[in-house]
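Since the structure comes first, as structure tokens, the remarks are kept for the end.
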Amino acid sequence: MSKLCDLFFDIASEYPQKTAIWCDNKTITYEELAALVCRYSNFLIKAGVIYSDHIGFPMNNSIESAALILAAANLGAALVPINPTLPPEAIKALFAAADVKHLIARKNFLEQTEGKVDLNLKGAQICLDGLWKNTLTFDSISKMSDKRPVVKQVTGKETLIITMTSGSTGEPKPIDLTQNNKLERAMAHIRLYNLTKDDRILAATPLYHSLAERLVLMPLLIGATSILLPRFTPALWLNCVKDQKVTFTIAVSAQLGQIAELLTSPFVPEIDSLRCVVSSSSLLESHIKNELIDKLNCNFHEMYGTSETSTVTSINFRETMGKKHSVGRPLPEAKVKIIKEDQSIAKTGEIGEITCKTTLMCNGYYNQPEIFQEALQDSYFKTGDLGYLDEAGYLYFAGRKKELIITGGINVYPQDIEECIKKLPEVKECAAFAYPDNRLGEVVALAIVPNPDTRLSKRKIQIQCAKNLADYQQPHMIVFLDQLPKNSLGKLEKYNLPEYVTKHGVFK
Amino acid sequence: MTARDFILKELQRKYTLDKETDIESFNYLESGYIDSIGIIQFLVSLEEEYNIEFTDAEIADPSFKIVGQLAQLVERKVMENERFKAGNGKES
């Protein structure tokens, strides 16, 4: 199999003058992008980055970020992309779990973390956008050689991206994605959606999540054009699709819900370039789907998957007419089994845990092979989601086994929030849970039982969260309770919380 | 650090503002610099930094989304706090 970076350079020499990436009104051709990747590669070598080193990267959606992914692949190094709004202590824990040696960051990040945390980095620190104290700077990048440095050790089996499943205080599970993982996942989706060099593929989710990484790599491996939206609002998305003549995109369902809402307004631009839109992260309601199909004039797919497995199943709109609420059939690369509590295989129509075996499976959890093994059963990954299969092999989602909140398509682990709140001495007990929300699908809600004779304000909780959690982990709703709902064995009945707080809670 | 500078620093945690942006009239929500996920952390950071609390009416006002007007609101609330403290000091 070709290596990811070799494939990119081959494509770049085939389409040198074609636009490779558009982002924020800037464009770069394949020839220029290949030169930039080489310059970054040479710069990183000079900065001391060697084969198999890990580079922490608070990443945003930019041409530079895309070029750095390819430069890391070229050198056989790995990137550890993170959300720049994570609190410093959480970044330290993530970087330690992923053995991060070097750092590439914007000045704003270096300023925000200065003096707050020692990230314990043994390697180079590079400022992406100017000069910052003792760090190196990419300012002189144009002076670097644009001759491609070839690192002979690179086989494709080395880690390219380490992405985190858990945000802050919880034990992070670093998902190890090799160059081959990234390449095979990109190719599987190129085949699935029949993408060609004529497509203009939009990525409108943050590049520190694997969905956008895939959406950027796919076009660059077939000579198509990547359209990278730096920031998302439904209006920015629609204007970008129109102006940039986007033909294909995968969006998270919360984004599509907001886009559908905007499409009901009479002042939206007419969209005629889209060939296909894919919705990921959770099923869309029928009226949203119909609105999108009607106004966007395109084919529509939905998918189901996890970061560990990549896409497991896919369904197109025509199929959904006869298979309402199904998340589709497995990709050619994947097999699905439904496992019951007693570990036996569920019969057709019987609900159990969705497990998946796939050639797109990640390389495991970095440095935590035993934890990844625990997540497998006969090479099938236990997704933590519940579902069932019908007689035709279509999968239906039936809820989550794992405690998880999905807000705007981002996974939030309740225990991360609970651990942060429990540090307040006034808190006796607390529980973070998902609360339905029109815009984001779900938001983080927090139920708190204060210790007797203490004064605890909503404000104090908000400040604790703002300081110690990332933006997507902030509670949008805080409820005070006398007690949490528990069963006769004293076990918290979390599934009961949304209804319970409505009846018993004091909303603040 | 002025309220304006603090707001600008918080707004640019993910993206750097274009040098030609007219900061005073800049709408940080419409331009996606703060989104529906990030808004709470942004508000609470401002409240904490300046020891102020925004009312629901202030947050709902369209001027809240504009950098220049938000900075003025923060400065006004800080001054009100100081006046209140000074007033209390005289009385005690």
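In the structure tokens, chains take letters A, B, ... by order of appearance, with residues numbered from 1 within each chain and ligands from 1 in the order shown.
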
message = Need the shell around B:Ile39: protein/DNA/RNA residues with any atom at most 10 Å away, counting only C-alpha atoms. Skip same-chain ones fewer than 2 positions apart. Format as a PyMOL selection string?
response = (chain A and resi 471-472+474+476) or (chain B and resi 29+33-37+41-45)

Exercise answer, chain A residues close to chain B, 8 Å and only C-alpha atoms, as number ranges by chain = A: 59-60, 84-85, 108-109, 231-233, 236, 407-408, 440, 462-463, 466-467, 470-472, 474, 476

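Taking atom CA of A:Thr247 and atom CA of A:Ala204 as endpoints, the distance between them is 13.5 Å.
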
inquiry  = Residues within 12 Å of B:Tyr50, please, as a PyMOL selection string. Count only C-alpha atoms; anything in the same chain fewer than 2 positions from it doesn't count.
reply    = chain B and resi 1-4+6-7+43-48+52-54+71+73-82

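Using only C-alpha atoms, the nearest neighbour of B:Tyr28 within the list B:Pro62, B:Asp56, B:Arg83, B:Gln72 is B:Pro62.
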
key: Atom-to-atom span, atom CA of A:Gln153 and atom CA of A:Ile55, Å   = 18.1 Å

message = Please identify the alpha helix (DSSP H) residues within stretch 9-189 of chain A (assignment by DSSP from backbone atoms) and present them as number ranges by chain.
response = A: 9-14, 30-46, 63-75, 88-97, 107-113, 179-189

request  = Kindly give the distance, in Å, that separates atom CA of A:Asn194 and atom CA of A:Phe248, rounded to a single decimal.
outcome  = 10.3 Å

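Taking only C-alpha atoms, the non-local environment of B:Gln69 within 9 Å (same-chain residues fewer than 5 positions away omitted) comprises Glu24, Ser25, Ser63, Phe64 and Val74 of chain B.
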
request  = Write out as a ChimeraX atom specification which residues come within 9 Å of A:Leu211 when counting only C-alpha atoms, dropping same-chain ones fewer than 6 positions away.
outcome  = /A:203,205,250-251,307,310
